[in-house]
Amino acid sequence: MVTLGQYLGVSGMLFAIGFAGVLLRRNIIIVFMALELMLNAANLALVAFSRYRLGPDGLPNYNAQVLVFFIITVAAAEVAVGLAIIVALYRARRTTHVEDINALKF
Amino acid sequence: MPAPLFWIFALVMLVFGAAVVINRNPVASALSLVVSFLGLSALYLSLDAFFIGIIQVLVYAGAVMVLFLFIIMLLDLRAEERRKINWFAFTGGVLVAGSLLLQIFSVIGSTKIAHDHFPALARARVDDVHNVGLLLFGQYNLPFQVIAVLILVATVGVIVLSKRELP
């Protein structure tokens with residue numbers, strides 16, 4: 001049988017992979033994908049808790065699943081806006097490499 | 001879900017999630033992300049969250065990843081040429097991510113409920129689309145409509161951002 005902690009551990013590992021991607025990669029699109037991985041790791045933890053803490057009718061706690069639904073919706077909107085910003089940046093600077101975008105660097 | 005299936009899908013999700021970070025070609029990264037999301041969706045199904053599993057495939061593996069691939073091909077990104085790796089930043093990043101992972105595992109290990117199995121459901125069949133829909137249009141109706149406005153604002157914002165100034 002699978003325990004709650006194993007789902008949470010898998011979720012934490014996915015989050016750490018995404019976090020490492022944000023820190024290590026220099027291509028801004030890959031950084032954006034790693035952000036998506038972190039969002040999904042949080043969703044997995046939410047759904048695992050929803051299944052663990054049953055409601056009074058003995059079914060999963062659907063409040064958490066509504067929250068996951070909202071997170072997915074907001075993430076989709078965020079991806080659209082973020083990619084539009086990346087396209088505008090590429091038009092202005094001809095690069096997607098974060099180290100080439102250093103106009104504000106001290 | 002039987003434990004072997006859980007480990008198979010968790011492994012698929014984590015290996016392809018790592019492939020997103022490791023691949024040098026952005027198209028390969030995006031396709032790895034699709035497979036990672038499919039594994040995640042299988043984990044949602046194993047937690048009796050069928051609605052979330054389906055919209056994970058539809059929204060993420062479908063819509064969002066098509067958008068990513070579209071932008072990658074629009075910008076015509078090739079596999080990035082090897083640059084000199086900044087080893088100081090690299091080891092720093094690995095250390096920070098690793099210590100975050102250790103921290104998460106120590107918190108999970110010291111939590112009492114983490115060792116519990118999932119309780120059995122009252123009914124074998126869950127009608128979760130029905131229940132999520134009731135909550136969405138009842139208790140959470142206002143946030144639902146705010147989300148609709150947010151998506152409208154995002155759509156308008158994307159058009160404004162990507163509109164080329166006419167000469």
# chains A, B, ... in the order shown; residues from 1 in each chain; ligands from 1
>>> select_by_dssp(residues="chain A", states="alpha helix (DSSP H)", output="mmCIF file with C-alpha atoms, in the first residue's frame")
data_model
loop_
_atom_site.group_PDB
_atom_site.id
_atom_site.type_symbol
_atom_site.label_atom_id
_atom_site.label_comp_id
_atom_site.auth_asym_id
_atom_site.auth_seq_id
_atom_site.Cartn_x
_atom_site.Cartn_y
_atom_site.Cartn_z
ATOM 1 C CA LEU A 4 0.524 9.736 2.145
ATOM 2 C CA GLY A 5 4.187 10.431 2.820
ATOM 3 C CA GLN A 6 5.244 8.686 -0.389
ATOM 4 C CA TYR A 7 2.991 10.930 -2.473
ATOM 5 C CA LEU A 8 4.326 13.959 -0.612
ATOM 6 C CA GLY A 9 7.902 12.765 -1.132
ATOM 7 C CA VAL A 10 7.359 12.366 -4.883
ATOM 8 C CA SER A 11 5.776 15.818 -4.947
ATOM 9 C CA GLY A 12 8.757 17.266 -3.070
ATOM 10 C CA MET A 13 11.193 15.637 -5.487
ATOM 11 C CA LEU A 14 9.336 17.094 -8.463
ATOM 12 C CA PHE A 15 9.423 20.505 -6.784
ATOM 13 C CA ALA A 16 13.170 20.193 -6.176
ATOM 14 C CA ILE A 17 13.752 19.259 -9.833
ATOM 15 C CA GLY A 18 11.826 22.337 -10.922
ATOM 16 C CA PHE A 19 13.683 24.505 -8.417
ATOM 17 C CA ALA A 20 17.044 23.219 -9.637
ATOM 18 C CA GLY A 21 15.931 23.950 -13.209
ATOM 19 C CA VAL A 22 15.082 27.544 -12.335
ATOM 20 C CA LEU A 23 18.441 27.993 -10.614
ATOM 21 C CA LEU A 24 20.690 26.167 -13.087
ATOM 22 C CA ILE A 28 14.472 31.566 -20.274
ATOM 23 C CA ILE A 29 11.960 29.157 -21.850
ATOM 24 C CA ILE A 30 13.423 26.188 -19.948
ATOM 25 C CA VAL A 31 13.263 28.281 -16.756
ATOM 26 C CA PHE A 32 9.588 28.866 -17.499
ATOM 27 C CA MET A 33 8.971 25.126 -17.978
ATOM 28 C CA ALA A 34 10.695 24.423 -14.654
ATOM 29 C CA LEU A 35 8.295 26.907 -13.027
ATOM 30 C CA GLU A 36 5.417 24.832 -14.411
ATOM 31 C CA LEU A 37 6.964 21.720 -12.834
ATOM 32 C CA MET A 38 6.971 23.441 -9.435
ATOM 33 C CA LEU A 39 3.312 24.466 -9.788
ATOM 34 C CA ASN A 40 2.371 20.884 -10.631
ATOM 35 C CA ALA A 41 4.284 19.520 -7.656
ATOM 36 C CA ALA A 42 2.201 21.742 -5.368
ATOM 37 C CA ASN A 43 -0.952 20.476 -7.093
ATOM 38 C CA LEU A 44 0.050 16.859 -6.459
ATOM 39 C CA ALA A 45 0.477 17.542 -2.735
ATOM 40 C CA LEU A 46 -2.946 19.238 -2.637
ATOM 41 C CA VAL A 47 -4.680 16.319 -4.336
ATOM 42 C CA ALA A 48 -2.946 13.818 -2.020
ATOM 43 C CA PHE A 49 -4.195 15.731 1.035
ATOM 44 C CA SER A 50 -7.659 15.945 -0.516
ATOM 45 C CA ARG A 51 -7.757 12.140 -0.793
ATOM 46 C CA TYR A 52 -6.304 11.642 2.685
ATOM 47 C CA TYR A 62 -13.353 18.515 -2.919
ATOM 48 C CA ASN A 63 -12.405 21.984 -1.692
ATOM 49 C CA ALA A 64 -8.776 21.099 -2.410
ATOM 50 C CA GLN A 65 -9.653 19.905 -5.905
ATOM 51 C CA VAL A 66 -11.448 23.195 -6.613
ATOM 52 C CA LEU A 67 -8.265 24.962 -5.498
ATOM 53 C CA VAL A 68 -6.232 22.780 -7.878
ATOM 54 C CA PHE A 69 -8.674 23.690 -10.650
ATOM 55 C CA PHE A 70 -8.099 27.395 -9.942
ATOM 56 C CA ILE A 71 -4.320 26.895 -9.873
ATOM 57 C CA ILE A 72 -4.395 25.168 -13.270
ATOM 58 C CA THR A 73 -6.528 27.983 -14.704
ATOM 59 C CA VAL A 74 -4.278 30.733 -13.384
ATOM 60 C CA ALA A 75 -1.186 28.825 -14.541
ATOM 61 C CA ALA A 76 -2.598 28.612 -18.069
ATOM 62 C CA ALA A 77 -3.202 32.388 -18.109
ATOM 63 C CA GLU A 78 0.287 32.926 -16.672
ATOM 64 C CA VAL A 79 1.875 30.803 -19.413
ATOM 65 C CA ALA A 80 0.112 32.834 -22.113
ATOM 66 C CA VAL A 81 1.257 36.177 -20.670
ATOM 67 C CA GLY A 82 4.772 34.921 -19.883
ATOM 68 C CA LEU A 83 5.332 33.572 -23.378
ATOM 69 C CA ALA A 84 4.080 36.846 -24.871
ATOM 70 C CA ILE A 85 6.627 38.691 -22.713
ATOM 71 C CA ILE A 86 9.361 36.294 -23.886
ATOM 72 C CA VAL A 87 8.407 36.921 -27.527
ATOM 73 C CA ALA A 88 8.486 40.691 -26.968
ATOM 74 C CA LEU A 89 11.871 40.331 -25.249
ATOM 75 C CA TYR A 90 13.196 38.261 -28.132
ATOM 76 C CA ARG A 91 12.059 40.888 -30.612
ATOM 77 C CA ALA A 92 13.833 43.615 -28.663
ATOM 78 C CA ARG A 93 17.071 41.825 -27.733
#
>>> interface_residues(of="chain B", to="chain A", cutoff="7 Å", atoms="only C-alpha atoms", output="ChimeraX atom specification")
/B:2-3,10,14,17-18,21,26,47,52,64,90,93-94,97,100-101,104-105,108,114-119,121-122,131-132,136,151,154,157-158,161-162
>>> atom_distance(atom1="atom CA of B:Val20", atom2="atom CA of B:Leu150")
28.8 Å
>>> atom_distance(atom1="atom CA of B:Lys112", atom2="atom CA of B:Gly98")
23.5 Å
>>> residues_around(residues="B:Gly39", least_positions_apart="3", cutoff="7 Å", atoms="only C-alpha atoms", output="VMD selection string")
chain B and resid 9 to 10 12 to 13 35 to 36 42 to 43
>>> write_last_selection(atoms="N, CA and C atoms", output="CSV table (one decimal), in the first residue's frame")
chain,number,residue,atom,x,y,z
B,9,PHE,N,4.6,5.1,-12.4
B,9,PHE,CA,4.2,6.4,-12.9
B,9,PHE,C,5.0,7.6,-12.2
B,10,ALA,N,5.3,7.4,-10.9
B,10,ALA,CA,6.1,8.4,-10.2
B,10,ALA,C,7.5,8.5,-10.8
B,12,VAL,N,8.3,7.6,-14.0
B,12,VAL,CA,8.2,8.3,-15.3
B,12,VAL,C,8.1,9.8,-15.1
B,13,MET,N,7.3,10.3,-14.1
B,13,MET,CA,7.2,11.7,-13.9
B,13,MET,C,8.5,12.3,-13.5
B,35,VAL,N,5.4,14.3,-21.3
B,35,VAL,CA,5.4,12.9,-20.7
B,35,VAL,C,5.3,13.0,-19.2
B,36,SER,N,6.1,14.0,-18.6
B,36,SER,CA,6.0,14.2,-17.2
B,36,SER,C,4.6,14.5,-16.7
B,42,ALA,N,-1.6,10.4,-14.3
B,42,ALA,CA,-1.9,9.0,-13.8
B,42,ALA,C,-1.9,9.0,-12.3
B,43,LEU,N,-1.0,9.8,-11.6
B,43,LEU,CA,-1.0,9.8,-10.2
B,43,LEU,C,-2.3,10.5,-9.7
>>> atom_distance(atom1="atom CA of A:Phe106", atom2="atom CA of B:Val96")
23.6 Å
